[in-house]
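A.B. asks: Input file: upload_9.pdb. Contents: PDB, C-alpha atoms, pLDDT in the B column.
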```pdb
ATOM      1  CA  MET A1383     -44.001  -7.598 -13.586  1.00 77.00           C
ATOM      2  CA  GLU A1384     -41.364 -10.321 -13.249  1.00 83.00           C
ATOM      3  CA  ARG A1385     -39.357  -8.837 -16.118  1.00 83.00           C
ATOM      4  CA  ILE A1386     -39.306  -5.417 -14.399  1.00 83.00           C
ATOM      5  CA  GLY A1387     -38.191  -7.030 -11.142  1.00 83.00           C
ATOM      6  CA  LYS A1388     -35.307  -8.774 -12.915  1.00 83.00           C
ATOM      7  CA  GLU A1389     -34.267  -5.498 -14.570  1.00 86.00           C
ATOM      8  CA  ILE A1390     -34.254  -3.712 -11.213  1.00 84.00           C
ATOM      9  CA  ASP A1391     -32.225  -6.533  -9.656  1.00 83.00           C
ATOM     10  CA  ALA A1392     -29.708  -6.355 -12.498  1.00 86.00           C
ATOM     11  CA  ARG A1393     -29.318  -2.598 -12.087  1.00 84.00           C
ATOM     12  CA  VAL A1394     -28.899  -2.878  -8.323  1.00 82.00           C
ATOM     13  CA  ASP A1395     -26.296  -5.622  -8.760  1.00 81.00           C
ATOM     14  CA  ALA A1396     -24.425  -3.506 -11.311  1.00 81.00           C
ATOM     15  CA  ARG A1397     -24.350  -0.500  -8.986  1.00 78.00           C
ATOM     16  CA  LEU A1398     -23.206  -2.589  -6.042  1.00 75.00           C
ATOM     17  CA  ALA A1399     -20.424  -4.107  -8.128  1.00 74.00           C
ATOM     18  CA  GLN A1400     -19.363  -0.653  -9.287  1.00 70.00           C
ATOM     19  CA  ALA A1401     -19.408   0.747  -5.748  1.00 62.00           C
ATOM     20  CA  THR A1402     -17.327  -2.075  -4.299  1.00 63.00           C
ATOM     21  CA  ALA A1403     -14.788  -2.302  -7.139  1.00 60.00           C
ATOM     22  CA  ARG A1404     -11.384  -0.989  -6.099  1.00 61.00           C
ATOM     23  CA  PRO A1405      -9.026   0.266  -8.763  1.00 64.00           C
ATOM     24  CA  ALA A1406      -5.687  -1.491  -8.785  1.00 66.00           C
ATOM     25  CA  LEU A1407      -2.514   0.388  -7.937  1.00 71.00           C
ATOM     26  CA  THR A1408      -0.457   1.451 -10.903  1.00 75.00           C
ATOM     27  CA  SER A1409       3.008   0.009 -11.391  1.00 76.00           C
ATOM     28  CA  LYS A1410       4.493   3.428 -10.630  1.00 79.00           C
ATOM     29  CA  GLN A1411       2.687   3.524  -7.281  1.00 75.00           C
ATOM     30  CA  LEU A1412       3.832   0.001  -6.461  1.00 76.00           C
ATOM     31  CA  ASN A1413       7.427   0.906  -7.345  1.00 80.00           C
ATOM     32  CA  MET A1414       7.291   3.933  -5.041  1.00 83.00           C
ATOM     33  CA  LEU A1415       6.425   1.867  -1.947  1.00 81.00           C
ATOM     34  CA  PRO A1416       9.930   0.467  -1.364  1.00 84.00           C
ATOM     35  CA  VAL A1417      11.450   3.806  -2.375  1.00 87.00           C
ATOM     36  CA  MET A1418       9.449   5.574   0.337  1.00 86.00           C
ATOM     37  CA  ALA A1419      10.353   2.956   2.934  1.00 85.00           C
ATOM     38  CA  LEU A1420      14.066   2.931   2.126  1.00 89.00           C
ATOM     39  CA  GLY A1421      14.138   6.705   1.752  1.00 91.00           C
ATOM     40  CA  SER A1422      12.565   7.141   5.168  1.00 90.00           C
ATOM     41  CA  ILE A1423      15.157   4.887   6.746  1.00 89.00           C
ATOM     42  CA  ALA A1424      18.064   6.414   4.831  1.00 93.00           C
ATOM     43  CA  LEU A1425      17.092   9.963   5.742  1.00 91.00           C
ATOM     44  CA  GLY A1426      15.812   9.073   9.199  1.00 92.00           C
ATOM     45  CA  ILE A1427      19.129   7.751  10.485  1.00 93.00           C
ATOM     46  CA  PRO A1428      21.286  10.857   9.943  1.00 94.00           C
ATOM     47  CA  ILE A1429      18.460  13.236  10.861  1.00 93.00           C
ATOM     48  CA  SER A1430      17.929  11.226  14.058  1.00 93.00           C
ATOM     49  CA  ALA A1431      21.610  11.472  14.903  1.00 93.00           C
ATOM     50  CA  ILE A1432      21.564  15.236  14.416  1.00 93.00           C
ATOM     51  CA  ALA A1433      18.339  15.677  16.390  1.00 92.00           C
ATOM     52  CA  ALA A1434      19.487  13.436  19.239  1.00 91.00           C
ATOM     53  CA  GLY A1435      22.825  15.215  19.449  1.00 93.00           C
ATOM     54  CA  THR A1436      21.413  18.737  19.449  1.00 93.00           C
ATOM     55  CA  THR A1437      17.951  18.576  21.000  1.00 93.00           C
ATOM     56  CA  GLY A1438      17.873  15.219  22.740  1.00 93.00           C
ATOM     57  CA  PHE A1439      14.870  12.987  23.078  1.00 93.00           C
ATOM     58  CA  TRP A1440      12.211  15.574  22.172  1.00 93.00           C
ATOM     59  CA  GLY A1441      13.899  16.504  18.926  1.00 92.00           C
ATOM     60  CA  LEU A1442      14.246  12.843  18.065  1.00 93.00           C
ATOM     61  CA  LEU A1443      10.565  12.339  18.809  1.00 94.00           C
ATOM     62  CA  VAL A1444       9.589  15.242  16.530  1.00 93.00           C
ATOM     63  CA  VAL A1445      11.740  13.865  13.712  1.00 92.00           C
ATOM     64  CA  TRP A1446      10.152  10.421  13.822  1.00 92.00           C
ATOM     65  CA  ILE A1447       6.629  11.811  14.147  1.00 94.00           C
ATOM     66  CA  ALA A1448       7.296  13.877  11.014  1.00 93.00           C
ATOM     67  CA  ILE A1449       8.658  10.827   9.157  1.00 92.00           C
ATOM     68  CA  ALA A1450       5.608   8.787  10.217  1.00 92.00           C
ATOM     69  CA  ALA A1451       3.241  11.573   9.107  1.00 92.00           C
ATOM     70  CA  ILE A1452       4.873  11.744   5.682  1.00 89.00           C
ATOM     71  CA  ASN A1453       4.598   7.970   5.221  1.00 87.00           C
ATOM     72  CA  ILE A1454       0.995   7.878   6.441  1.00 88.00           C
ATOM     73  CA  GLY A1455       0.122  10.738   4.103  1.00 86.00           C
ATOM     74  CA  TYR A1456       1.632   8.875   1.177  1.00 83.00           C
ATOM     75  CA  ALA A1457      -0.198   5.679   2.107  1.00 80.00           C
ATOM     76  CA  MET A1458      -3.495   7.563   2.383  1.00 81.00           C
ATOM     77  CA  ARG A1459      -2.936   9.030  -1.061  1.00 78.00           C
ATOM     78  CA  LEU A1460      -2.691   5.495  -2.485  1.00 76.00           C
ATOM     79  CA  ARG A1461      -6.082   4.514  -1.116  1.00 71.00           C
ATOM     80  CA  PRO A1462      -8.800   4.505  -3.750  1.00 65.00           C
ATOM     81  CA  PRO A1463     -11.436   7.206  -3.358  1.00 63.00           C
ATOM     82  CA  THR A1464     -14.679   6.205  -1.726  1.00 63.00           C
ATOM     83  CA  ASP A1465     -18.003   7.161  -3.223  1.00 55.00           C
ATOM     84  CA  ARG A1466     -20.059   8.440  -0.307  1.00 55.00           C
ATOM     85  CA  HIS A1467     -23.569   9.517  -1.172  1.00 52.00           C
TER      86      HIS A1467
END
```
Would you mind giving the structure from this file in structure tokens?
C.D. replies:
Amino acid sequence: MERIGKEIDARVDARLAQATARPALTSKQLNMLPVMALGSIALGIPISAIAAGTTGFWGLLVVWIAIAAINIGYAMRLRPPTDRH
């Protein structure tokens, strides 16, 4: 009986370790982080100037919401998948 209990404990521990393990980001993903940040700033400045000059505050707001959505979407894509059962 004790041997069976130890086997069950070992299997439960193995499954818990597997469920909580997070895969590491690849080097390509890590290299893309500063590219996304700098790209957002580099493109955001001239697009902001155009939006502010033509549509005013509301256009500027739409531009930066779009930039934020793109960056959030990219960050969400980097998150490891969760195993929900």
A.B. asks: Measure the distance from atom CA of Phe1439 of chain A to atom CA of Tyr1456 of chain A in Å and round it to one decimal.
C.D. replies: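 Value for the atom CA of Phe1439 of chain A-atom CA of Tyr1456 of chain A distance: 25.9 Å.
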A.B. asks: List as a list in words the protein and nucleic acid residues near Thr1408 of chain A, meaning an atom at most 12 Å away when only C-alpha atoms are counted, but skip any in the same chain fewer than 6 places from it.
C.D. replies: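 Counting only the stated atoms, we get Met1414, Leu1415, Leu1460, Arg1461 and Pro1462 of chain A.
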A.B. asks: What does the distance from atom CA of Leu1425 of chain A to atom CA of Ala1451 of chain A come to in Å, to one decimal?
C.D. replies: 14.3 Å
A.B. asks: So how far away is atom CA of Ile1452 of chain A from atom CA of Leu1420 of chain A, in Å?
C.D. replies: 13.2 Å
A.B. asks: Do a neighbour search on segment 1457-1459 of chain A at 12 Å with all atoms listed in the file, toss out local chain neighbours closer than 6 positions, and write the hits as an MDAnalysis selection string.
C.D. replies: chainID A and resid 1407 1411:1412 1414:1416 1418:1419 1450:1451
A.B. asks: Determine the nearest neighbour of Ile1454 of chain A from the options A:Ile1432, A:Ser1422, A:Gln1400, A:Ala1392, counting all atoms listed in the file.
C.D. replies: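 Using all atoms listed in the file, the shortest distance to Ile1454 of chain A belongs to A:Ser1422.
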A.B. asks: My list of candidates is A:Ser1430, A:Ser1409, A:Ile1386, A:Gly1435. Which is closest to Ile1447 of chain A when distances are computed with only C-alpha atoms?
C.D. replies: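 Using only C-alpha atoms, the shortest distance to Ile1447 of chain A belongs to A:Ser1430.
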A.B. asks: Between A:Leu1398, A:Gly1441, A:Ile1449, A:Asn1413, which residue has the minimum interatomic distance to Gly1426 of chain A, considering only C-alpha atoms?
C.D. replies: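 Of A:Leu1398, A:Gly1441, A:Ile1449, A:Asn1413, the one nearest Gly1426 of chain A is A:Ile1449, counting only C-alpha atoms.
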